[in-house]
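One file, my_file_16.cif, carrying mmCIF, C-alpha atoms:
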```cif
data_coords
#
loop_
_atom_site.label_atom_id
_atom_site.label_comp_id
_atom_site.auth_asym_id
_atom_site.auth_seq_id
_atom_site.Cartn_x
_atom_site.Cartn_y
_atom_site.Cartn_z
CA MET X 4 -61.68 -145.81 66.29
CA SER X 5 -59.69 -144.40 63.38
CA GLU X 6 -60.87 -142.28 60.50
CA LYS X 7 -60.10 -145.08 58.09
CA VAL X 8 -63.22 -146.45 56.44
CA ILE X 9 -62.88 -150.21 56.19
CA LEU X 10 -66.29 -151.04 54.75
CA GLU X 11 -68.51 -149.01 52.47
CA MET X 12 -71.88 -150.32 51.30
CA LYS X 13 -73.89 -148.24 48.86
CA ASP X 14 -77.52 -148.62 47.91
CA ILE X 15 -77.63 -152.30 48.83
CA VAL X 16 -80.70 -154.25 47.76
CA LYS X 17 -81.33 -157.91 48.53
CA ASP X 18 -84.44 -159.09 46.77
CA TYR X 19 -86.03 -162.49 47.42
CA SER X 20 -88.34 -162.84 44.41
CA GLY X 21 -90.13 -159.56 44.97
CA PHE X 22 -89.58 -159.23 48.71
CA LYS X 23 -86.84 -156.71 49.52
CA ALA X 24 -85.14 -158.10 52.63
CA VAL X 25 -82.65 -155.25 52.35
CA ASP X 26 -84.05 -152.16 50.70
CA HIS X 27 -81.58 -149.53 49.44
CA VAL X 28 -79.29 -149.45 52.44
CA ASP X 29 -76.14 -147.36 52.80
CA PHE X 30 -73.75 -148.43 55.50
CA SER X 31 -70.14 -147.69 56.32
CA LEU X 32 -67.77 -148.81 59.01
CA HIS X 33 -64.56 -147.36 60.39
CA LYS X 34 -61.58 -149.38 61.49
CA GLY X 35 -61.93 -150.16 65.20
CA GLU X 36 -65.60 -149.25 65.26
CA ILE X 37 -68.15 -151.39 67.05
CA VAL X 38 -71.61 -151.29 65.54
CA ALA X 39 -74.67 -153.01 66.93
CA ILE X 40 -77.53 -153.64 64.51
CA ILE X 41 -80.89 -153.99 66.23
CA GLY X 42 -84.43 -154.33 64.98
CA PRO X 43 -87.41 -156.66 64.98
CA SER X 44 -87.04 -160.11 63.44
CA GLY X 45 -87.43 -160.00 59.69
CA SER X 46 -86.09 -156.45 59.55
CA GLY X 47 -83.19 -157.53 57.32
CA LYS X 48 -80.39 -157.08 59.81
CA SER X 49 -78.98 -160.59 59.46
CA THR X 50 -79.42 -160.44 55.69
CA LEU X 51 -77.44 -157.20 55.56
CA LEU X 52 -74.69 -158.74 57.68
CA ARG X 53 -74.52 -161.81 55.44
CA CYS X 54 -74.18 -159.60 52.36
CA ILE X 55 -70.92 -158.24 53.76
CA ASN X 56 -69.06 -161.56 53.52
CA GLY X 57 -70.93 -162.88 50.50
CA LEU X 58 -73.05 -165.50 52.28
CA ASN X 59 -75.89 -163.61 50.66
CA THR X 60 -75.31 -162.24 47.18
CA ILE X 61 -76.65 -158.74 46.76
CA THR X 62 -79.25 -158.01 44.11
CA SER X 63 -77.85 -154.54 43.47
CA GLY X 64 -75.56 -152.02 45.07
CA GLU X 65 -71.90 -151.73 45.79
CA ILE X 66 -69.74 -153.18 48.55
CA ASP X 67 -66.22 -151.96 49.14
CA LEU X 68 -64.55 -154.01 51.83
CA GLU X 69 -60.91 -153.61 52.76
CA GLY X 70 -59.66 -156.83 54.25
CA GLU X 71 -61.14 -160.05 55.48
CA THR X 72 -64.15 -160.86 57.59
CA GLY X 73 -64.70 -163.44 60.28
CA MET X 74 -68.16 -164.63 61.21
CA VAL X 75 -69.84 -165.97 64.31
CA PHE X 76 -73.21 -167.65 63.77
CA GLN X 77 -76.31 -167.96 65.88
CA HIS X 78 -76.03 -171.75 65.84
CA PHE X 79 -72.23 -171.81 66.22
CA ASN X 80 -71.72 -174.14 63.24
CA LEU X 81 -68.66 -175.77 64.74
CA PHE X 82 -67.36 -178.77 62.81
CA PRO X 83 -68.58 -181.69 64.97
CA HIS X 84 -65.98 -184.17 63.72
CA MET X 85 -63.08 -181.97 64.79
CA THR X 86 -61.89 -181.21 68.33
CA CYS X 87 -62.14 -177.60 69.53
CA LEU X 88 -58.48 -177.12 68.70
CA GLU X 89 -58.87 -178.62 65.22
CA ASN X 90 -61.89 -176.40 64.61
CA ILE X 91 -59.67 -173.39 65.23
CA THR X 92 -56.54 -174.56 63.39
CA TYR X 93 -58.16 -176.07 60.28
CA ALA X 94 -58.63 -172.87 58.27
CA PRO X 95 -55.30 -171.21 59.26
CA ILE X 96 -53.45 -174.36 58.20
CA LYS X 97 -55.47 -175.28 55.10
CA VAL X 98 -56.46 -171.84 53.82
CA LYS X 99 -53.72 -169.50 55.06
CA LYS X 100 -51.02 -172.20 54.88
CA ILE X 101 -49.70 -171.29 58.31
CA PRO X 102 -47.28 -173.93 59.71
CA LYS X 103 -49.09 -176.34 61.99
CA GLU X 104 -47.09 -175.65 65.17
CA GLN X 105 -47.68 -171.95 64.76
CA ALA X 106 -51.41 -172.42 64.16
CA VAL X 107 -51.70 -174.70 67.19
CA ALA X 108 -49.84 -172.23 69.40
CA ARG X 109 -52.10 -169.41 68.28
CA ALA X 110 -55.22 -171.56 68.74
CA LYS X 111 -54.17 -172.35 72.30
CA GLU X 112 -53.70 -168.64 72.97
CA LEU X 113 -57.17 -167.95 71.63
CA LEU X 114 -58.70 -170.78 73.66
CA LYS X 115 -57.07 -169.30 76.73
CA MET X 116 -58.48 -165.90 75.85
CA VAL X 117 -62.02 -167.31 75.71
CA GLY X 118 -61.37 -169.30 78.87
CA LEU X 119 -61.44 -172.77 77.35
CA GLU X 120 -57.85 -173.94 77.20
CA SER X 121 -58.89 -177.15 78.96
CA LYS X 122 -61.28 -178.03 76.12
CA ALA X 123 -58.68 -178.09 73.33
CA ASP X 124 -58.97 -181.83 72.68
CA VAL X 125 -62.68 -182.15 73.36
CA TYR X 126 -65.25 -182.57 70.61
CA PRO X 127 -67.98 -179.89 70.35
CA ALA X 128 -70.69 -182.39 71.32
CA HIS X 129 -69.22 -182.53 74.82
CA ILE X 130 -69.32 -178.81 75.65
CA SER X 131 -72.17 -176.42 76.42
CA GLY X 132 -73.74 -173.93 74.02
CA GLY X 133 -71.95 -170.97 75.57
CA GLN X 134 -68.66 -172.82 75.34
CA LYS X 135 -69.36 -173.74 71.71
CA GLN X 136 -69.95 -170.11 70.85
CA ARG X 137 -66.71 -169.09 72.55
CA VAL X 138 -64.83 -171.70 70.50
CA ALA X 139 -66.59 -170.37 67.40
CA ILE X 140 -65.36 -166.87 68.23
CA ALA X 141 -61.83 -168.21 68.66
CA ARG X 142 -62.14 -170.03 65.33
CA ALA X 143 -63.11 -166.82 63.53
CA LEU X 144 -60.35 -164.82 65.26
CA ALA X 145 -57.72 -167.37 64.26
CA MET X 146 -57.95 -166.11 60.68
CA ASP X 147 -57.03 -162.60 61.86
CA PRO X 148 -60.03 -160.94 60.24
CA ASP X 149 -60.18 -157.18 59.83
CA VAL X 150 -63.88 -157.18 60.70
CA MET X 151 -65.74 -159.58 62.98
CA LEU X 152 -69.36 -160.22 62.05
CA PHE X 153 -71.65 -161.56 64.77
CA ASP X 154 -75.02 -162.89 63.66
CA GLU X 155 -77.18 -163.01 66.80
CA PRO X 156 -74.42 -164.77 68.73
CA THR X 157 -76.45 -165.27 71.91
CA SER X 158 -79.94 -165.91 70.50
CA ALA X 159 -79.63 -169.70 70.65
CA LEU X 160 -78.33 -169.68 74.22
CA ASP X 161 -80.15 -169.94 77.52
CA PRO X 162 -80.39 -166.48 79.10
CA GLU X 163 -78.19 -167.40 82.05
CA ILE X 164 -75.24 -168.31 79.84
CA THR X 165 -75.32 -165.44 77.35
CA GLY X 166 -73.06 -163.52 79.76
CA GLU X 167 -70.00 -165.69 79.13
CA VAL X 168 -70.25 -165.03 75.39
CA LEU X 169 -70.95 -161.31 75.81
CA ASN X 170 -67.93 -161.03 78.12
CA VAL X 171 -65.67 -162.44 75.43
CA MET X 172 -67.12 -159.93 72.99
CA LYS X 173 -66.51 -157.12 75.47
CA GLN X 174 -62.90 -158.25 75.70
CA LEU X 175 -62.63 -157.92 71.94
CA ALA X 176 -64.23 -154.50 72.10
CA GLU X 177 -61.61 -153.39 74.61
CA LYS X 178 -58.93 -154.45 72.14
CA HIS X 179 -60.62 -152.26 69.50
CA THR X 180 -61.57 -155.16 67.29
CA THR X 181 -63.75 -153.89 64.46
CA MET X 182 -67.12 -155.56 64.95
CA ILE X 183 -70.62 -155.59 63.60
CA VAL X 184 -73.02 -157.31 65.94
CA VAL X 185 -76.58 -158.19 65.01
CA THR X 186 -78.19 -158.61 68.38
CA HIS X 187 -81.24 -158.55 70.60
CA GLU X 188 -79.08 -157.76 73.63
CA MET X 189 -79.96 -154.12 74.22
CA GLY X 190 -77.73 -153.95 77.29
CA PHE X 191 -74.74 -155.06 75.27
CA ALA X 192 -75.55 -152.63 72.47
CA LYS X 193 -75.87 -149.77 74.93
CA GLU X 194 -72.73 -150.61 76.85
CA VAL X 195 -70.30 -151.70 74.17
CA ALA X 196 -71.29 -150.28 70.79
CA ASP X 197 -69.91 -147.03 69.40
CA ARG X 198 -72.92 -146.80 67.17
CA VAL X 199 -76.30 -148.50 67.11
CA VAL X 200 -78.14 -149.04 63.86
CA PHE X 201 -81.89 -149.66 63.97
CA MET X 202 -83.37 -151.53 61.02
CA SER X 203 -86.97 -152.13 60.15
CA ASP X 204 -88.52 -153.48 56.95
CA GLY X 205 -85.17 -153.76 55.22
CA LYS X 206 -84.21 -150.14 55.85
CA ILE X 207 -81.98 -148.34 58.29
CA VAL X 208 -84.52 -146.21 60.12
CA GLU X 209 -82.27 -144.58 62.65
CA GLN X 210 -78.68 -144.77 63.83
CA GLY X 211 -76.32 -143.03 66.18
CA ASN X 212 -74.65 -142.99 69.53
CA PRO X 213 -76.25 -145.64 71.80
CA THR X 214 -77.16 -143.33 74.68
CA GLU X 215 -78.85 -140.91 72.36
CA LEU X 216 -80.61 -143.59 70.38
CA PHE X 217 -81.95 -145.47 73.38
CA GLU X 218 -82.89 -142.44 75.41
CA HIS X 219 -84.16 -140.16 72.70
CA PRO X 220 -85.46 -142.33 69.89
CA LYS X 221 -86.73 -140.12 67.08
CA SER X 222 -88.77 -142.49 64.94
CA GLU X 223 -92.02 -143.99 66.05
CA ARG X 224 -90.90 -147.43 64.94
CA LEU X 225 -87.86 -147.36 67.21
CA VAL X 226 -90.00 -146.12 70.10
CA SER X 227 -92.38 -149.03 69.70
CA PHE X 228 -89.51 -151.51 69.15
CA LEU X 229 -87.76 -150.39 72.33
CA GLY X 230 -91.09 -150.55 74.14
CA SER X 231 -91.63 -154.14 73.01
CA MET X 232 -88.10 -155.10 74.07
CA LEU X 233 -88.73 -153.68 77.55
CA ARG X 234 -91.95 -155.61 77.90
CA ALA X 235 -90.31 -158.84 76.81
CA MET N 2 -68.86 -238.34 55.55
CA ASP N 3 -67.56 -239.67 52.24
CA LYS N 4 -70.46 -237.98 50.59
CA ILE N 5 -69.58 -234.66 52.20
CA MET N 6 -65.97 -234.91 51.04
CA GLU N 7 -67.31 -235.56 47.58
CA PHE N 8 -69.08 -232.21 47.22
CA LEU N 9 -67.35 -229.97 49.77
CA PRO N 10 -64.15 -229.15 47.84
CA PHE N 11 -66.27 -228.24 44.83
CA MET N 12 -68.45 -225.99 46.97
CA LEU N 13 -65.44 -224.30 48.50
CA GLU N 14 -64.16 -223.54 45.03
CA GLY N 15 -67.49 -221.93 44.32
CA THR N 16 -67.18 -220.00 47.58
CA VAL N 17 -63.86 -218.55 46.41
CA LEU N 18 -65.53 -217.19 43.29
CA THR N 19 -68.45 -215.82 45.30
CA VAL N 20 -66.04 -214.04 47.67
CA GLU N 21 -64.05 -212.69 44.72
CA LEU N 22 -67.21 -211.38 43.11
CA PHE N 23 -68.31 -209.82 46.39
CA VAL N 24 -64.99 -208.16 47.16
CA LEU N 25 -64.40 -206.87 43.62
CA THR N 26 -67.92 -205.47 43.43
CA LEU N 27 -67.53 -203.63 46.74
CA ILE N 28 -64.04 -202.30 46.01
CA LEU N 29 -65.11 -200.93 42.65
CA SER N 30 -68.69 -199.81 43.26
CA LEU N 31 -68.12 -198.03 46.58
CA PRO N 32 -65.85 -195.38 45.02
CA LEU N 33 -67.81 -195.30 41.74
CA GLY N 34 -70.94 -194.27 43.64
CA LEU N 35 -69.32 -191.04 44.79
CA PRO N 36 -68.93 -189.22 41.47
CA ILE N 37 -72.47 -190.32 40.58
CA ALA N 38 -73.78 -188.88 43.87
CA LEU N 39 -71.87 -185.61 43.38
CA GLY N 40 -73.02 -185.49 39.76
CA SER N 41 -76.66 -185.91 40.79
CA ASN N 42 -76.22 -182.99 43.19
CA SER N 43 -74.39 -180.89 40.60
CA ARG N 44 -75.71 -177.52 39.48
CA ILE N 45 -74.76 -178.48 35.91
CA LYS N 46 -78.16 -179.70 34.77
CA PRO N 47 -77.15 -182.13 31.99
CA LEU N 48 -74.67 -183.82 34.32
CA SER N 49 -77.26 -184.03 37.07
CA TRP N 50 -79.80 -185.54 34.68
CA LEU N 51 -77.30 -188.02 33.31
CA CYS N 52 -76.48 -189.28 36.80
CA LYS N 53 -80.12 -189.46 37.81
CA ILE N 54 -81.02 -191.42 34.67
CA TYR N 55 -78.14 -193.80 35.38
CA VAL N 56 -79.45 -194.42 38.90
CA TRP N 57 -82.99 -194.76 37.64
CA ILE N 58 -82.06 -197.44 35.09
CA PHE N 59 -79.77 -199.51 37.31
CA ARG N 60 -82.01 -199.37 40.35
CA GLY N 61 -85.19 -199.65 38.36
CA THR N 62 -84.49 -202.89 36.48
CA PRO N 63 -83.76 -206.37 37.85
CA LEU N 64 -80.13 -207.24 38.41
CA LEU N 65 -80.89 -210.55 36.71
CA LEU N 66 -82.02 -208.73 33.57
CA GLN N 67 -78.86 -206.62 33.64
CA LEU N 68 -76.74 -209.78 33.95
CA PHE N 69 -78.38 -211.35 30.90
CA PHE N 70 -78.19 -208.06 29.00
CA PHE N 71 -74.44 -207.63 29.40
CA TYR N 72 -73.82 -211.35 28.88
CA PHE N 73 -75.34 -211.09 25.40
CA PHE N 74 -74.43 -207.46 24.74
CA PHE N 75 -70.68 -207.97 24.24
CA PRO N 76 -70.79 -210.91 21.83
CA LEU N 77 -74.02 -210.02 20.00
CA VAL N 78 -73.85 -206.24 19.73
CA LEU N 79 -70.14 -205.45 20.00
CA ASN N 80 -68.99 -208.77 18.58
CA ILE N 81 -66.48 -209.18 21.42
CA GLN N 82 -65.93 -212.45 23.26
CA MET N 83 -65.84 -211.28 26.88
CA ASN N 84 -64.72 -213.30 29.87
CA VAL N 85 -67.93 -214.27 31.69
CA PHE N 86 -66.58 -213.47 35.16
CA PHE N 87 -65.58 -210.03 33.91
CA THR N 88 -69.09 -209.46 32.56
CA VAL N 89 -70.59 -210.51 35.88
CA VAL N 90 -68.33 -208.21 37.91
CA LEU N 91 -69.02 -205.32 35.54
CA THR N 92 -72.78 -205.76 35.91
CA TYR N 93 -72.65 -205.97 39.71
CA VAL N 94 -70.38 -202.91 39.92
CA LEU N 95 -72.66 -200.80 37.70
CA ASN N 96 -75.72 -201.95 39.63
CA TYR N 97 -74.34 -201.44 43.14
CA ALA N 98 -72.74 -198.09 42.28
CA ALA N 99 -76.27 -196.80 41.62
CA TYR N 100 -77.43 -197.88 45.08
CA PHE N 101 -74.35 -196.48 46.80
CA ALA N 102 -74.73 -193.19 44.91
CA GLU N 103 -78.21 -192.75 46.35
CA ILE N 104 -76.99 -193.55 49.85
CA TYR N 105 -74.14 -191.04 49.52
CA ARG N 106 -76.48 -188.40 48.13
CA GLY N 107 -78.80 -188.81 51.10
CA GLY N 108 -75.84 -188.54 53.46
CA ILE N 109 -74.48 -185.41 51.81
CA ASN N 110 -77.91 -183.75 51.79
CA SER N 111 -78.37 -184.46 55.49
CA ILE N 112 -75.51 -182.13 56.41
CA ASP N 113 -76.69 -178.85 57.91
CA ARG N 114 -76.37 -175.73 55.75
CA GLY N 115 -74.57 -174.02 58.63
CA GLN N 116 -71.58 -176.28 58.02
CA TYR N 117 -71.21 -174.98 54.47
CA GLU N 118 -71.72 -171.41 55.67
CA ALA N 119 -69.08 -171.72 58.38
CA ALA N 120 -66.64 -173.18 55.84
CA PHE N 121 -67.44 -170.40 53.38
CA ALA N 122 -66.97 -167.71 56.04
CA LEU N 123 -63.54 -169.16 56.83
CA GLY N 124 -62.50 -169.05 53.18
CA ILE N 125 -62.38 -172.84 52.82
CA SER N 126 -62.62 -173.88 49.17
CA ARG N 127 -65.66 -175.80 47.90
CA ARG N 128 -63.53 -178.83 47.27
CA GLN N 129 -62.02 -178.85 50.76
CA THR N 130 -65.43 -178.22 52.24
CA MET N 131 -66.61 -181.44 50.60
CA THR N 132 -63.58 -183.59 51.42
CA ASP N 133 -62.74 -182.31 54.91
CA ILE N 134 -66.00 -180.97 56.32
CA VAL N 135 -68.96 -182.67 54.64
CA MET N 136 -67.71 -186.17 53.73
CA PRO N 137 -66.33 -187.13 57.15
CA GLN N 138 -69.64 -186.15 58.74
CA THR N 139 -71.66 -188.26 56.31
CA MET N 140 -69.70 -191.41 57.13
CA LYS N 141 -71.68 -192.23 60.24
CA ALA N 142 -75.02 -191.63 58.54
CA ILE N 143 -74.24 -193.69 55.44
CA LEU N 144 -72.58 -196.61 57.20
CA PRO N 145 -75.72 -198.56 58.20
CA PRO N 146 -77.35 -198.40 54.73
CA VAL N 147 -74.01 -199.23 53.07
CA VAL N 148 -73.61 -202.30 55.28
CA ASN N 149 -77.19 -203.23 54.48
CA GLU N 150 -76.38 -203.13 50.76
CA ALA N 151 -73.23 -205.18 51.36
CA VAL N 152 -75.29 -207.86 53.11
CA THR N 153 -77.71 -207.84 50.18
CA LEU N 154 -74.75 -208.18 47.84
CA VAL N 155 -73.59 -211.36 49.59
CA LYS N 156 -76.92 -212.92 48.71
CA ASP N 157 -77.21 -211.26 45.28
CA THR N 158 -74.02 -212.98 44.19
CA ALA N 159 -76.15 -216.11 43.87
CA LEU N 160 -77.76 -214.58 40.79
CA ALA N 161 -74.45 -215.00 38.98
CA SER N 162 -75.16 -218.75 38.97
CA THR N 163 -77.59 -218.10 36.11
CA LEU N 164 -74.58 -217.44 33.87
CA PRO N 165 -71.79 -219.93 33.10
CA VAL N 166 -69.70 -219.21 36.17
CA ILE N 167 -69.38 -221.58 39.10
CA ASP N 168 -70.14 -219.69 42.28
CA LEU N 169 -71.22 -221.15 45.62
CA MET N 170 -74.86 -221.34 44.55
CA LYS N 171 -74.14 -223.14 41.29
CA ALA N 172 -71.73 -225.52 43.00
CA THR N 173 -74.32 -226.27 45.67
CA ASN N 174 -77.02 -226.89 43.15
CA SER N 175 -74.97 -229.31 41.14
CA ALA N 176 -73.86 -231.10 44.32
CA VAL N 177 -77.51 -231.64 45.23
CA ASN N 178 -78.31 -232.82 41.71
CA ARG N 179 -75.43 -235.28 41.69
CA THR N 180 -75.87 -236.72 45.18
CA THR N 181 -79.66 -236.34 45.49
CA ASP N 182 -78.94 -235.27 49.06
CA MET N 183 -80.07 -231.94 50.46
CA THR N 184 -77.19 -231.37 52.90
CA PRO N 185 -75.26 -229.14 50.44
CA PHE N 186 -78.03 -226.56 50.85
CA PHE N 187 -77.36 -226.41 54.58
CA PHE N 188 -73.63 -226.10 54.01
CA ALA N 189 -74.24 -223.28 51.56
CA ALA N 190 -76.53 -221.52 54.02
CA ILE N 191 -73.84 -221.75 56.69
CA ILE N 192 -71.21 -220.33 54.35
CA TYR N 193 -73.45 -217.40 53.37
CA LEU N 194 -74.24 -216.80 57.04
CA ILE N 195 -70.53 -216.75 57.92
CA MET N 196 -69.95 -214.12 55.26
CA THR N 197 -72.77 -211.87 56.47
CA PHE N 198 -71.66 -212.40 60.08
CA VAL N 199 -68.16 -211.19 59.26
CA LEU N 200 -69.73 -208.11 57.68
CA THR N 201 -71.74 -207.39 60.80
CA ILE N 202 -68.59 -207.56 62.93
CA ILE N 203 -66.70 -205.20 60.63
CA SER N 204 -69.59 -202.74 60.48
CA GLY N 205 -69.87 -202.68 64.27
CA ARG N 206 -66.21 -201.67 64.48
CA LEU N 207 -66.61 -199.00 61.83
CA GLU N 208 -69.73 -197.61 63.46
CA LYS N 209 -67.87 -197.20 66.73
CA TYR N 210 -65.00 -195.47 64.96
CA PHE N 211 -67.23 -192.99 63.12
CA SER N 212 -69.21 -192.18 66.26
CA ARG N 213 -66.13 -191.22 68.25
CA TYR N 214 -66.98 -187.52 68.26
CA ASP N 215 -70.62 -187.92 69.31
CA ALA N 216 -72.01 -186.99 72.68
CA LYS N 217 -72.03 -190.03 74.93
CA GLU N 218 -75.28 -191.41 76.24
CA GLU N 219 -74.77 -190.07 79.74
CA ASP N 220 -74.27 -186.48 78.53
#
```
So, in terms of structure tokens, how does the structure I just supplied come out?
Amino acid sequence: MSEKVILEMKDIVKDYSGFKAVDHVDFSLHKGEIVAIIGPSGSGKSTLLRCINGLNTITSGEIDLEGETGMVFQHFNLFPHMTCLENITYAPIKVKKIPKEQAVARAKELLKMVGLESKADVYPAHISGGQKQRVAIARALAMDPDVMLFDEPTSALDPEITGEVLNVMKQLAEKHTTMIVVTHEMGFAKEVADRVVFMSDGKIVEQGNPTELFEHPKSERLVSFLGSMLRA
Amino acid sequence: MDKIMEFLPFMLEGTVLTVELFVLTLILSLPLGLPIALGSNSRIKPLSWLCKIYVWIFRGTPLLLQLFFFYFFFPLVLNIQMNVFFTVVLTYVLNYAAYFAEIYRGGINSIDRGQYEAAFALGISRRQTMTDIVMPQTMKAILPPVVNEAVTLVKDTALASTLPVIDLMKATNSAVNRTTDMTPFFFAAIIYLIMTFVLTIISGRLEKYFSRYDAKEED
């Protein structure tokens, strides 16, 4: 992780007609940093993530983002009428105007990285959820984003196949990809994240080094959240 | 047999006009429906209202009334002598565009929000999102109702016989009147059935093509 701050969010508010989904949040991110955002559902963690790339427009506050973002969604959102390869090459070709051969070569590399080179010409309907999510990760990476945003990437998957997606994300972590991961996977947060952010009721309640945060939670809300996760 | 040869050529001439009316209406109203559908969905309120009022009027009044209206509108109101076939085609196109617009709108609205979000996150422009992501996915959903409308159109062409054009229906009617024999009705029915049968074949092919990326049954 470098000292370079790549994202700076100041006093962010996202108000849904009176309900503050994100309530005066400050958040910054260094290049190469891996941040896991945890918290109960409805705590505003996904909303905060979606404010970063503009999927949600902020009500007030300031966002200073250097570079581009890539996003991985809970429900994959692959384009069903395109093959896996076309899903990955569409945006590089049409948005970044990268020559087709080059985009295809890069897409094949990425498919290989996520272990799905054999699925290049297959339509998303014919692969499993875990495979879809890996293709979706490859699709986001193909745009060479400076920050990867993961919005509960394993929540829609059966527990026994979350591992294949988490492994790909670990690979990215090893390559020092800057990532923000909204997740319920405490194991992943503990093992991979440089910093864990705990949100509740639209606010960042506590954040810090994962070992410290999980083993010595300071706030009562985090204690009870971690307790509920253990029971689950 | 002699009797048949007496009315058949006349009926076939009428068939040509019916087919022309059908084809022209489809070719023109299918694309015209799209801007109306997009307009109805537009965030620009006056545009959205305009498109919705258009659909309301053309779907909400009888096609027969619209035919009579335009038939008299050009000579009486605008003082223009308009070719009757042109007037008929114009009316059918305006009417069917309203139906197609509603079908398209339903198709577009059935696309999951996640598709727009994924496109947005990848930096794909709104225009390209519509043409390359949303539209191709709506094709499969809109095909059955579009074919349904096309089948209805085959039969609706018969309404044109109320104006001074000689379509299959008018030709059939006059054949029956002249020969006092009901067989022309059966011939006409067969010709209409052939036309709708051809449509069914074409739609089957298209449906297969637009389903090519779906999960197969055995999956």
What are the closest atom pairs, with distances in Å to one decimal, for all residues of chain X lying within 7 Å of chain N? Consider all atoms listed in the file, order rows by chain and residue number, and present the result as CSV.
```
residue,atom,partner,partner_atom,distance
X:Asn56,CA,N:Ala122,CA,7.0
X:Leu58,CA,N:Glu118,CA,6.9
X:Gly73,CA,N:Ala122,CA,6.4
X:Met74,CA,N:Ala122,CA,6.1
X:Asn80,CA,N:Gly115,CA,5.4
X:Phe82,CA,N:Gln116,CA,6.9
X:Pro83,CA,N:Tyr214,CA,6.9
X:His84,CA,N:Tyr214,CA,5.7
X:Ala94,CA,N:Leu123,CA,6.3
X:Val98,CA,N:Ile125,CA,6.1
X:Tyr126,CA,N:Tyr214,CA,5.7
X:Ala128,CA,N:Ala216,CA,5.0
X:His129,CA,N:Ala216,CA,5.7
```
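The interatomic distance for the pair CA of Val152 in chain N and CA of Phe71 in chain N works out to 23.7 Å.
The closest residue to Asp161 in chain X, picked from X:Gly133, X:Ser44, X:Phe217, X:Gly21 and counting all atoms listed in the file, is X:Gly133.
Atom pair CA of Val117 in chain X / CA of His33 in chain X: separated by 25.3 Å.
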Requested in this report: Please evaluate the PyMOL selection byres ((chain X and resi 151) around 8) against the structure above and give the resulting residues as number ranges by chain.
Outcome: X: 72-75, 143-144, 148-150, 152-153, 180-183
Report task. Could you list the residues chosen by the PyMOL selection byres ((chain N and resi 57) around 12) in this structure as an NGL selection string? Result -> :N and (37 or 41 or 50-56 or 58-63 or 95-96 or 98-100 or 102-103)
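Coordinates place CA of Thr86 in chain X at a distance of 11.6 Å from CA of Arg142 in chain X.
When the PyMOL selection byres ((chain N and resi 191-193) around 10) is evaluated on the file shown here, the picked residues come out as Met12, Leu13, Thr16, Thr19, Val20, Val152, Val155, Lys156, Ala159, Leu169, Met170, Pro185, Phe186, Phe187, Phe188, Ala189, Ala190, Leu194, Ile195, Met196, Thr197 and Phe198 of chain N.
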Output C-alpha atoms of each residue in that selection to a file, as a PDB file, in the frame of the given file.
```pdb
ATOM      1  CA  MET N  12     -68.450-225.990  46.970  1.00  0.00           C
ATOM      2  CA  LEU N  13     -65.440-224.300  48.500  1.00  0.00           C
ATOM      3  CA  THR N  16     -67.180-220.000  47.580  1.00  0.00           C
ATOM      4  CA  THR N  19     -68.450-215.820  45.300  1.00  0.00           C
ATOM      5  CA  VAL N  20     -66.040-214.040  47.670  1.00  0.00           C
ATOM      6  CA  VAL N 152     -75.290-207.860  53.110  1.00  0.00           C
ATOM      7  CA  VAL N 155     -73.590-211.360  49.590  1.00  0.00           C
ATOM      8  CA  LYS N 156     -76.920-212.920  48.710  1.00  0.00           C
ATOM      9  CA  ALA N 159     -76.150-216.110  43.870  1.00  0.00           C
ATOM     10  CA  LEU N 169     -71.220-221.150  45.620  1.00  0.00           C
ATOM     11  CA  MET N 170     -74.860-221.340  44.550  1.00  0.00           C
ATOM     12  CA  PRO N 185     -75.260-229.140  50.440  1.00  0.00           C
ATOM     13  CA  PHE N 186     -78.030-226.560  50.850  1.00  0.00           C
ATOM     14  CA  PHE N 187     -77.360-226.410  54.580  1.00  0.00           C
ATOM     15  CA  PHE N 188     -73.630-226.100  54.010  1.00  0.00           C
ATOM     16  CA  ALA N 189     -74.240-223.280  51.560  1.00  0.00           C
ATOM     17  CA  ALA N 190     -76.530-221.520  54.020  1.00  0.00           C
ATOM     18  CA  LEU N 194     -74.240-216.800  57.040  1.00  0.00           C
ATOM     19  CA  ILE N 195     -70.530-216.750  57.920  1.00  0.00           C
ATOM     20  CA  MET N 196     -69.950-214.120  55.260  1.00  0.00           C
ATOM     21  CA  THR N 197     -72.770-211.870  56.470  1.00  0.00           C
ATOM     22  CA  PHE N 198     -71.660-212.400  60.080  1.00  0.00           C
TER      23      PHE N 198
END
```
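Of the residues listed (N:Thr139, N:Gln67, N:Thr26, N:Thr130), N:Thr139 shows the shortest atom-to-atom separation from Gly107 in chain N; distances use only C-alpha atoms.
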Centre and edge lengths of an axis-aligned box around all listed atoms of range 98-109 of chain X, with 4 Å added on each side, are to be given in Å to one decimal, as JSON.
```
{"center_x": -51.8, "center_y": -172.9, "center_z": 61.6, "size_x": 17.4, "size_y": 14.9, "size_z": 23.6}
```
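Closest approach to Leu48 in chain N from the set N:Leu207, N:Pro36, N:Ile109, N:Thr181 is made by N:Pro36, with distances taken over only C-alpha atoms.
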Report task. Could you check which of N:Asp157, N:Arg127, N:Lys46, N:Phe101 is closest to Leu22 in chain N, using only C-alpha atoms? Result -> N:Asp157
Query raised in the report: range 211-215 of chain X: which residues within 10 Å, counting only C-alpha atoms, same-chain residues fewer than 6 positions away excluded, as a ChimeraX atom specification?
Result: /X:38-39,189,192-201,221
